[in-house]
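Trainee: What follows is a single structure, and I will ask about it in a moment.
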Amino acid sequence: MVMQGGIMMKTDIILRVVLGLLFTGLGCFQIFAVRRYFRQLKLHGNAETSAFAPLALWSAFVIGLIFIFVGIAAGFGLI
């Protein structure tokens with residue numbers, strides 16, 4: 001935190017909230033995209049589907065969760 005005269009500067013608060021919302025939004029979008037791809041894979045997956053698709057789904061879901069946690073932590077000033 002940047003302190004000036006005992007009061008935190010407003011730009012730091014605004015930047016923290018904006019970054020928090022950005023990361024949380026990206027995380028939600030990532031999880032939404034994983035869900036959409038999972039449904040598509042379940043309906044149209046066949047022998048030609050890549051064997052790495054489940055790994056891609058899992059890693060994308062984990063990255064989405066990490067983005068959400070980082071966004072919440074940034075929004076509350078925990079990082």
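Here's how to read the names in the structure tokens: chain A, B, ... by the order shown, residue numbers from 1 in each chain, ligand numbers from 1 in the order shown.
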Using DSSP assignments from the backbone, pull out every residue in chain A that falls under strand (DSSP E or B) and give it to me as a list in words.
Mentor: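 Written out, the strand (DSSP E or B) residues of chain A are Met3, Gln4, Ile7 and Met8 of chain A.
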Trainee: If we count only C-alpha atoms and set the cut-off at 10 Å, which residues sit around Ala53 in chain A, ignoring sequence neighbours fewer than 5 positions away in its own chain? Please answer as a list in words.
Mentor: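 Contacts, with the query itself left out: Tyr37, Phe38, Leu41, Gly45, Trp58 and Ser59 of chain A.
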Trainee: For range 65-73 of chain A, list every protein, DNA or RNA residue within 10 Å, evaluated using only C-alpha atoms, and leave out those in the same chain fewer than 6 positions away; present the list as a VMD selection string.
Mentor: chain A and resid 16 to 31 59 79
Trainee: Work out how far CA of Ala74 in chain A is from CA of Asp12 in chain A, in Å to one decimal.
Mentor: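 Between these atoms lies a distance of 11.1 Å.
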Trainee: Which of chain A end up as alpha helix (DSSP H) when DSSP is run on this backbone - answer as a VMD selection string?
Mentor: chain A and resid 10 to 44 53 to 75
